[in-house]
Amino acid sequence: MEVEAYIGQDDRASHARFGETARNRVMFGPPGRAYVYLVYGMYDCLNVVTEPEGWPAALLIRAVEPVEGIDAMRLDRIARARTRHRARCLDRHATEAERVRRLPAARLASGPGLVGAAFGLDTRWTGIDLCDPLSPLRLERASDGDAATTVLATPRIGIDGAGEPWTSVPWRLSLAGNPSVSGPFRAR
DNA sequence: GCAAGGATATCG
DNA sequence: GATATCCTTGCA
């Protein structure tokens, strides 16, 4: 598990830094809702709105460790790769499919773009209530010992334009030694 | 190191 | 309306 916090309009790394817009509107609403946005034209990233209404904040889910639906995640990744490569190179898809088949389960959602892909999300999921037990996408209380794991706090990723102190505040939280964490501090 | 890819915020 | 940028990924 790996998350990053984006808190308030002052946070120069947050989508809320320009104030309320059509895209980030849900960040200004009540907490517990999903904010899904598209980055780099191809990756849908999942955020959880966190602070009370009027205070724009969200937690970017950068990585999760799949425990269910692993085969479905693989098949979906392969299917997506097929549509992506169809117009280009045909045997490109064969190598991509093989790579996904060999990928360890822990690496199927080890990055913000991969989390969105693993859950099959797109921007239309924005606004869904993640605290509703009946919601198809929801937060649930952990039943295992995750709470006892060491949590690492490090600077956030991919926000080099934000300036200080935003580029160095340790608002990226990850579980120490967890194989699904992206980038540095991944288990070896 | 860099290309892929599309929405978005900002500027003319 | 054009364009630089973007909370990324996987391969050269």
# chains A, B, ... in the order shown; residues from 1 in each chain; ligands from 1
call {"tool": "select_by_dssp", "arguments": {"residues": "stretch 8-83 of chain A", "states": "strand (DSSP E or B)", "output": "compact mmCIF listing (two decimals) with N, CA, C and O atoms, in the first residue's frame"}}
result
# COMPACT_ATOMS: atom_id res chain seq x y z
N ARG A 33 -15.32 10.39 -1.13
CA ARG A 33 -15.66 10.18 -2.53
C ARG A 33 -14.39 9.95 -3.35
O ARG A 33 -13.29 10.33 -2.93
N ALA A 34 -14.57 9.37 -4.52
CA ALA A 34 -13.44 9.11 -5.42
C ALA A 34 -13.20 10.31 -6.33
O ALA A 34 -14.13 10.97 -6.78
N TYR A 35 -11.92 10.61 -6.56
CA TYR A 35 -11.51 11.59 -7.57
C TYR A 35 -10.58 10.84 -8.52
O TYR A 35 -9.49 10.44 -8.14
N VAL A 36 -11.05 10.62 -9.75
CA VAL A 36 -10.25 9.88 -10.74
C VAL A 36 -9.90 10.85 -11.87
O VAL A 36 -10.78 11.47 -12.45
N TYR A 37 -8.62 11.01 -12.14
CA TYR A 37 -8.20 11.90 -13.21
C TYR A 37 -7.23 11.18 -14.14
O TYR A 37 -6.62 10.18 -13.78
N LEU A 38 -7.12 11.72 -15.36
CA LEU A 38 -6.26 11.14 -16.38
C LEU A 38 -4.93 11.87 -16.42
O LEU A 38 -4.89 13.09 -16.51
N VAL A 39 -3.83 11.14 -16.33
CA VAL A 39 -2.51 11.77 -16.48
C VAL A 39 -1.81 11.23 -17.72
O VAL A 39 -1.98 10.07 -18.08
N TYR A 43 -3.28 7.25 -18.25
CA TYR A 43 -3.39 6.57 -16.96
C TYR A 43 -4.41 7.26 -16.08
O TYR A 43 -4.34 8.47 -15.86
N ASP A 44 -5.37 6.47 -15.58
CA ASP A 44 -6.38 7.00 -14.68
C ASP A 44 -5.94 6.75 -13.24
O ASP A 44 -5.69 5.62 -12.85
N CYS A 45 -5.82 7.83 -12.47
CA CYS A 45 -5.33 7.73 -11.10
C CYS A 45 -6.46 7.92 -10.10
O CYS A 45 -7.29 8.82 -10.23
N LEU A 46 -6.48 7.06 -9.08
CA LEU A 46 -7.54 7.06 -8.07
C LEU A 46 -7.12 7.85 -6.83
O LEU A 46 -6.05 7.62 -6.27
N ASN A 47 -7.98 8.77 -6.43
CA ASN A 47 -7.77 9.52 -5.19
C ASN A 47 -8.99 9.37 -4.30
O ASN A 47 -10.11 9.18 -4.80
N VAL A 48 -8.78 9.50 -2.99
CA VAL A 48 -9.87 9.53 -2.03
C VAL A 48 -9.96 10.94 -1.46
O VAL A 48 -8.98 11.45 -0.90
N VAL A 49 -11.10 11.59 -1.63
CA VAL A 49 -11.28 12.93 -1.06
C VAL A 49 -11.29 12.78 0.46
O VAL A 49 -11.93 11.87 1.00
N ALA A 57 -8.87 18.49 -0.64
CA ALA A 57 -7.78 17.58 -0.29
C ALA A 57 -8.11 16.18 -0.76
O ALA A 57 -9.29 15.82 -0.87
N ALA A 58 -7.07 15.42 -1.05
CA ALA A 58 -7.29 14.04 -1.51
C ALA A 58 -6.05 13.21 -1.27
O ALA A 58 -4.94 13.74 -1.14
N LEU A 59 -6.27 11.91 -1.20
CA LEU A 59 -5.19 10.95 -1.03
C LEU A 59 -5.07 10.17 -2.35
O LEU A 59 -6.02 9.51 -2.77
N LEU A 60 -3.92 10.31 -3.01
CA LEU A 60 -3.67 9.56 -4.24
C LEU A 60 -3.24 8.15 -3.88
O LEU A 60 -2.27 7.96 -3.13
N ILE A 61 -3.97 7.15 -4.39
CA ILE A 61 -3.61 5.76 -4.13
C ILE A 61 -2.54 5.36 -5.15
O ILE A 61 -2.84 5.13 -6.32
N ARG A 62 -1.29 5.31 -4.73
CA ARG A 62 -0.19 5.06 -5.66
C ARG A 62 0.08 3.59 -5.90
O ARG A 62 0.67 3.22 -6.92
N ALA A 63 -0.31 2.75 -4.95
CA ALA A 63 -0.08 1.31 -5.13
C ALA A 63 -0.93 0.53 -4.15
O ALA A 63 -1.16 0.96 -3.03
call {"tool": "interface_residues", "arguments": {"of": "chain A", "to": "chain B", "cutoff": "12 Å", "atoms": "only C-alpha atoms (C1' of nucleotides)", "output": "NGL selection string"}}
result
:A and (15-24 or 37-44 or 84-85 or 88 or 123)
call {"tool": "closest_residue", "arguments": {"among": "A:Leu103, A:Leu137, A:Ala142, A:Leu114", "to": "chain C", "atoms": "only C-alpha atoms (C1' of nucleotides)"}}
result
A:Leu114
call {"tool": "closest_residue", "arguments": {"among": "A:Gly120, A:Gly113, A:Pro155, A:Gly163", "to": "chain C", "atoms": "only C-alpha atoms (C1' of nucleotides)"}}
result
A:Gly113
call {"tool": "atom_distance", "arguments": {"atom1": "atom CA of A:Arg156", "atom2": "atom CA of A:Trp171"}}
result
6.1 Å
call {"tool": "closest_residue", "arguments": {"among": "A:Ser182, A:Thr149, A:Thr154, A:Ser135", "to": "chain C", "atoms": "only C-alpha atoms (C1' of nucleotides)"}}
result
A:Ser182
call {"tool": "select_by_dssp", "arguments": {"residues": "stretch 34-181 of chain A", "states": "alpha helix (DSSP H)", "output": "PDB file with N, CA and C atoms, in the first residue's frame"}}
result
ATOM      1  N   ILE A  70      -6.969 -11.356  -9.395  1.00  0.00           N
ATOM      2  CA  ILE A  70      -5.660 -11.219 -10.031  1.00  0.00           C
ATOM      3  C   ILE A  70      -5.682 -11.672 -11.492  1.00  0.00           C
ATOM      4  N   ASP A  71      -6.356 -12.784 -11.766  1.00  0.00           N
ATOM      5  CA  ASP A  71      -6.452 -13.249 -13.154  1.00  0.00           C
ATOM      6  C   ASP A  71      -7.189 -12.237 -14.019  1.00  0.00           C
ATOM      7  N   ALA A  72      -8.272 -11.669 -13.464  1.00  0.00           N
ATOM      8  CA  ALA A  72      -9.057 -10.677 -14.201  1.00  0.00           C
ATOM      9  C   ALA A  72      -8.205  -9.446 -14.511  1.00  0.00           C
ATOM     10  N   MET A  73      -7.354  -9.055 -13.558  1.00  0.00           N
ATOM     11  CA  MET A  73      -6.474  -7.906 -13.783  1.00  0.00           C
ATOM     12  C   MET A  73      -5.508  -8.178 -14.927  1.00  0.00           C
ATOM     13  N   ARG A  74      -4.958  -9.365 -14.949  1.00  0.00           N
ATOM     14  CA  ARG A  74      -4.037  -9.742 -16.032  1.00  0.00           C
ATOM     15  C   ARG A  74      -4.737  -9.722 -17.383  1.00  0.00           C
ATOM     16  N   LEU A  75      -5.912 -10.369 -17.441  1.00  0.00           N
ATOM     17  CA  LEU A  75      -6.635 -10.447 -18.710  1.00  0.00           C
ATOM     18  C   LEU A  75      -7.004  -9.059 -19.211  1.00  0.00           C
ATOM     19  N   ASP A  76      -7.399  -8.185 -18.274  1.00  0.00           N
ATOM     20  CA  ASP A  76      -7.775  -6.830 -18.660  1.00  0.00           C
ATOM     21  C   ASP A  76      -6.577  -6.050 -19.189  1.00  0.00           C
ATOM     22  N   ARG A  77      -5.438  -6.224 -18.548  1.00  0.00           N
ATOM     23  CA  ARG A  77      -4.216  -5.555 -19.011  1.00  0.00           C
ATOM     24  C   ARG A  77      -3.869  -5.993 -20.426  1.00  0.00           C
ATOM     25  N   ILE A  78      -4.003  -7.303 -20.681  1.00  0.00           N
ATOM     26  CA  ILE A  78      -3.695  -7.837 -22.008  1.00  0.00           C
ATOM     27  C   ILE A  78      -4.675  -7.305 -23.041  1.00  0.00           C
ATOM     28  N   ALA A  79      -5.949  -7.232 -22.643  1.00  0.00           N
ATOM     29  CA  ALA A  79      -6.971  -6.715 -23.561  1.00  0.00           C
ATOM     30  C   ALA A  79      -6.715  -5.252 -23.899  1.00  0.00           C
ATOM     31  N   ARG A  80      -6.346  -4.479 -22.884  1.00  0.00           N
ATOM     32  CA  ARG A  80      -6.041  -3.059 -23.113  1.00  0.00           C
ATOM     33  C   ARG A  80      -4.853  -2.910 -24.044  1.00  0.00           C
ATOM     34  N   ALA A  81      -3.849  -3.738 -23.836  1.00  0.00           N
ATOM     35  CA  ALA A  81      -2.653  -3.670 -24.675  1.00  0.00           C
ATOM     36  C   ALA A  81      -3.002  -3.993 -26.127  1.00  0.00           C
ATOM     37  N   ARG A  82      -3.981  -4.869 -26.306  1.00  0.00           N
ATOM     38  CA  ARG A  82      -4.365  -5.250 -27.666  1.00  0.00           C
ATOM     39  C   ARG A  82      -4.931  -4.056 -28.406  1.00  0.00           C
ATOM     40  N   THR A  83      -5.867  -3.333 -27.762  1.00  0.00           N
ATOM     41  CA  THR A  83      -6.449  -2.175 -28.437  1.00  0.00           C
ATOM     42  C   THR A  83      -5.403  -1.094 -28.650  1.00  0.00           C
ATOM     43  N   ARG A  84      -4.458  -1.020 -27.737  1.00  0.00           N
ATOM     44  CA  ARG A  84      -3.418   0.006 -27.845  1.00  0.00           C
ATOM     45  C   ARG A  84      -2.493  -0.275 -29.024  1.00  0.00           C
ATOM     46  N   HIS A  85      -2.223  -1.530 -29.266  1.00  0.00           N
ATOM     47  CA  HIS A  85      -1.235  -1.875 -30.290  1.00  0.00           C
ATOM     48  C   HIS A  85      -1.828  -2.175 -31.659  1.00  0.00           C
ATOM     49  N   ARG A  86      -3.134  -2.369 -31.700  1.00  0.00           N
ATOM     50  CA  ARG A  86      -3.767  -2.815 -32.942  1.00  0.00           C
ATOM     51  C   ARG A  86      -3.348  -1.982 -34.143  1.00  0.00           C
ATOM     52  N   LEU A  90       1.761  -5.389 -34.642  1.00  0.00           N
ATOM     53  CA  LEU A  90       0.985  -6.541 -34.181  1.00  0.00           C
ATOM     54  C   LEU A  90       1.756  -7.428 -33.198  1.00  0.00           C
ATOM     55  N   ASP A  91       3.022  -7.718 -33.474  1.00  0.00           N
ATOM     56  CA  ASP A  91       3.751  -8.620 -32.581  1.00  0.00           C
ATOM     57  C   ASP A  91       4.200  -7.906 -31.309  1.00  0.00           C
ATOM     58  N   ARG A  92       4.037  -6.606 -31.290  1.00  0.00           N
ATOM     59  CA  ARG A  92       4.284  -5.827 -30.083  1.00  0.00           C
ATOM     60  C   ARG A  92       3.354  -6.308 -28.968  1.00  0.00           C
ATOM     61  N   HIS A  93       2.130  -6.636 -29.355  1.00  0.00           N
ATOM     62  CA  HIS A  93       1.153  -7.083 -28.369  1.00  0.00           C
ATOM     63  C   HIS A  93       1.487  -8.448 -27.799  1.00  0.00           C
ATOM     64  N   ALA A  94       2.050  -9.314 -28.603  1.00  0.00           N
ATOM     65  CA  ALA A  94       2.404 -10.662 -28.142  1.00  0.00           C
ATOM     66  C   ALA A  94       3.435 -10.596 -27.020  1.00  0.00           C
ATOM     67  N   THR A  95       4.453  -9.769 -27.174  1.00  0.00           N
ATOM     68  CA  THR A  95       5.476  -9.636 -26.135  1.00  0.00           C
ATOM     69  C   THR A  95       4.910  -8.986 -24.891  1.00  0.00           C
ATOM     70  N   GLU A  96       4.022  -7.996 -25.083  1.00  0.00           N
ATOM     71  CA  GLU A  96       3.392  -7.331 -23.950  1.00  0.00           C
ATOM     72  C   GLU A  96       2.519  -8.319 -23.172  1.00  0.00           C
ATOM     73  N   ALA A  97       1.752  -9.131 -23.891  1.00  0.00           N
ATOM     74  CA  ALA A  97       0.885 -10.122 -23.249  1.00  0.00           C
ATOM     75  C   ALA A  97       1.716 -11.117 -22.441  1.00  0.00           C
ATOM     76  N   GLU A  98       2.827 -11.531 -23.009  1.00  0.00           N
ATOM     77  CA  GLU A  98       3.698 -12.491 -22.321  1.00  0.00           C
ATOM     78  C   GLU A  98       4.281 -11.869 -21.059  1.00  0.00           C
ATOM     79  N   ARG A  99       4.667 -10.599 -21.155  1.00  0.00           N
ATOM     80  CA  ARG A  99       5.223  -9.902 -20.000  1.00  0.00           C
ATOM     81  C   ARG A  99       4.201  -9.821 -18.866  1.00  0.00           C
ATOM     82  N   VAL A 100       2.960  -9.484 -19.214  1.00  0.00           N
ATOM     83  CA  VAL A 100       1.912  -9.360 -18.202  1.00  0.00           C
ATOM     84  C   VAL A 100       1.638 -10.715 -17.553  1.00  0.00           C
ATOM     85  N   ARG A 101       1.677 -11.787 -18.356  1.00  0.00           N
ATOM     86  CA  ARG A 101       1.438 -13.125 -17.808  1.00  0.00           C
ATOM     87  C   ARG A 101       2.507 -13.521 -16.801  1.00  0.00           C
ATOM     88  N   ARG A 102       3.730 -13.067 -16.991  1.00  0.00           N
ATOM     89  CA  ARG A 102       4.832 -13.426 -16.088  1.00  0.00           C
ATOM     90  C   ARG A 102       4.929 -12.488 -14.882  1.00  0.00           C
ATOM     91  N   PRO A 112       0.493   4.462  -9.530  1.00  0.00           N
ATOM     92  CA  PRO A 112      -0.822   5.109  -9.580  1.00  0.00           C
ATOM     93  C   PRO A 112      -1.606   4.798 -10.850  1.00  0.00           C
ATOM     94  N   GLY A 113      -0.911   4.758 -11.996  1.00  0.00           N
ATOM     95  CA  GLY A 113      -1.593   4.423 -13.239  1.00  0.00           C
ATOM     96  C   GLY A 113      -2.032   2.979 -13.254  1.00  0.00           C
ATOM     97  N   LEU A 114      -1.242   2.141 -12.616  1.00  0.00           N
ATOM     98  CA  LEU A 114      -1.546   0.711 -12.595  1.00  0.00           C
ATOM     99  C   LEU A 114      -2.702   0.400 -11.654  1.00  0.00           C
ATOM    100  N   VAL A 115      -2.851   1.187 -10.594  1.00  0.00           N
ATOM    101  CA  VAL A 115      -3.985   1.009  -9.682  1.00  0.00           C
ATOM    102  C   VAL A 115      -5.288   1.235 -10.449  1.00  0.00           C
ATOM    103  N   GLY A 116      -5.343   2.318 -11.205  1.00  0.00           N
ATOM    104  CA  GLY A 116      -6.532   2.613 -11.997  1.00  0.00           C
ATOM    105  C   GLY A 116      -6.823   1.514 -12.995  1.00  0.00           C
ATOM    106  N   ALA A 117      -5.758   1.012 -13.647  1.00  0.00           N
ATOM    107  CA  ALA A 117      -5.935  -0.051 -14.634  1.00  0.00           C
ATOM    108  C   ALA A 117      -6.401  -1.337 -13.963  1.00  0.00           C
ATOM    109  N   ALA A 118      -5.833  -1.645 -12.792  1.00  0.00           N
ATOM    110  CA  ALA A 118      -6.165  -2.893 -12.094  1.00  0.00           C
ATOM    111  C   ALA A 118      -7.646  -2.931 -11.711  1.00  0.00           C
TER     112      ALA A 118
END
call {"tool": "interface_residues", "arguments": {"of": "chain C", "to": "chain A", "cutoff": "7 Å", "atoms": "only C-alpha atoms (C1' of nucleotides)", "output": "JSON, numbers by chain"}}
result
{"C": [6, 7, 8]}
call {"tool": "write_last_selection", "arguments": {"atoms": "all heavy atoms", "output": "short mmCIF file (atom, residue, chain, number, x, y, z; two decimals), in the first residue's frame"}}
result
data_model
loop_
_atom_site.label_atom_id
_atom_site.label_comp_id
_atom_site.auth_asym_id
_atom_site.auth_seq_id
_atom_site.Cartn_x
_atom_site.Cartn_y
_atom_site.Cartn_z
P DC C 6 4.35 20.63 -15.32
OP1 DC C 6 4.43 21.46 -14.12
OP2 DC C 6 5.58 20.03 -15.89
"O5'" DC C 6 3.31 19.44 -15.06
"C5'" DC C 6 1.94 19.75 -14.82
"C4'" DC C 6 1.11 18.51 -15.11
"O4'" DC C 6 1.06 18.29 -16.53
"C3'" DC C 6 1.66 17.23 -14.49
"O3'" DC C 6 0.67 16.66 -13.65
"C2'" DC C 6 1.90 16.32 -15.69
"C1'" DC C 6 0.97 16.90 -16.72
N1 DC C 6 1.36 16.59 -18.13
C2 DC C 6 0.35 16.18 -19.02
O2 DC C 6 -0.81 16.08 -18.61
N3 DC C 6 0.69 15.91 -20.29
C4 DC C 6 1.97 16.05 -20.69
N4 DC C 6 2.25 15.77 -21.96
C5 DC C 6 2.99 16.46 -19.80
C6 DC C 6 2.65 16.73 -18.54
P DC C 7 0.73 16.83 -12.10
OP1 DC C 7 -0.62 17.03 -11.65
OP2 DC C 7 1.83 17.76 -11.62
"O5'" DC C 7 1.13 15.33 -11.76
"C5'" DC C 7 2.43 14.98 -11.30
"C4'" DC C 7 2.32 13.74 -10.43
"O4'" DC C 7 1.56 14.09 -9.25
"C3'" DC C 7 1.56 12.59 -11.08
"O3'" DC C 7 2.04 11.35 -10.55
"C2'" DC C 7 0.12 12.82 -10.61
"C1'" DC C 7 0.36 13.33 -9.20
N1 DC C 7 -0.73 14.23 -8.73
C2 DC C 7 -1.75 13.70 -7.95
O2 DC C 7 -1.75 12.50 -7.69
N3 DC C 7 -2.73 14.53 -7.51
C4 DC C 7 -2.70 15.82 -7.82
N4 DC C 7 -3.69 16.59 -7.37
C5 DC C 7 -1.67 16.38 -8.62
C6 DC C 7 -0.70 15.56 -9.05
P DT C 8 3.25 10.63 -11.42
OP1 DT C 8 3.59 9.41 -10.70
OP2 DT C 8 4.26 11.64 -11.74
"O5'" DT C 8 2.56 10.16 -12.77
"C5'" DT C 8 1.51 9.19 -12.78
"C4'" DT C 8 1.81 8.09 -13.78
"O4'" DT C 8 2.33 8.65 -14.99
"C3'" DT C 8 2.83 7.07 -13.31
"O3'" DT C 8 2.20 5.80 -13.28
"C2'" DT C 8 3.96 7.13 -14.34
"C1'" DT C 8 3.28 7.75 -15.54
N1 DT C 8 4.18 8.52 -16.43
C2 DT C 8 4.19 8.22 -17.79
O2 DT C 8 3.51 7.35 -18.27
N3 DT C 8 5.02 9.00 -18.54
C4 DT C 8 5.83 10.01 -18.09
O4 DT C 8 6.52 10.64 -18.86
C5 DT C 8 5.78 10.28 -16.67
C7 DT C 8 6.60 11.36 -16.07
C6 DT C 8 4.96 9.52 -15.91
#
call {"tool": "atom_distance", "arguments": {"atom1": "atom CA of A:Arg138", "atom2": "atom CA of A:Phe119"}}
result
11.1 Å
call {"tool": "atom_distance", "arguments": {"atom1": "atom CA of A:Glu140", "atom2": "atom CA of A:Ser180"}}
result
18.6 Å
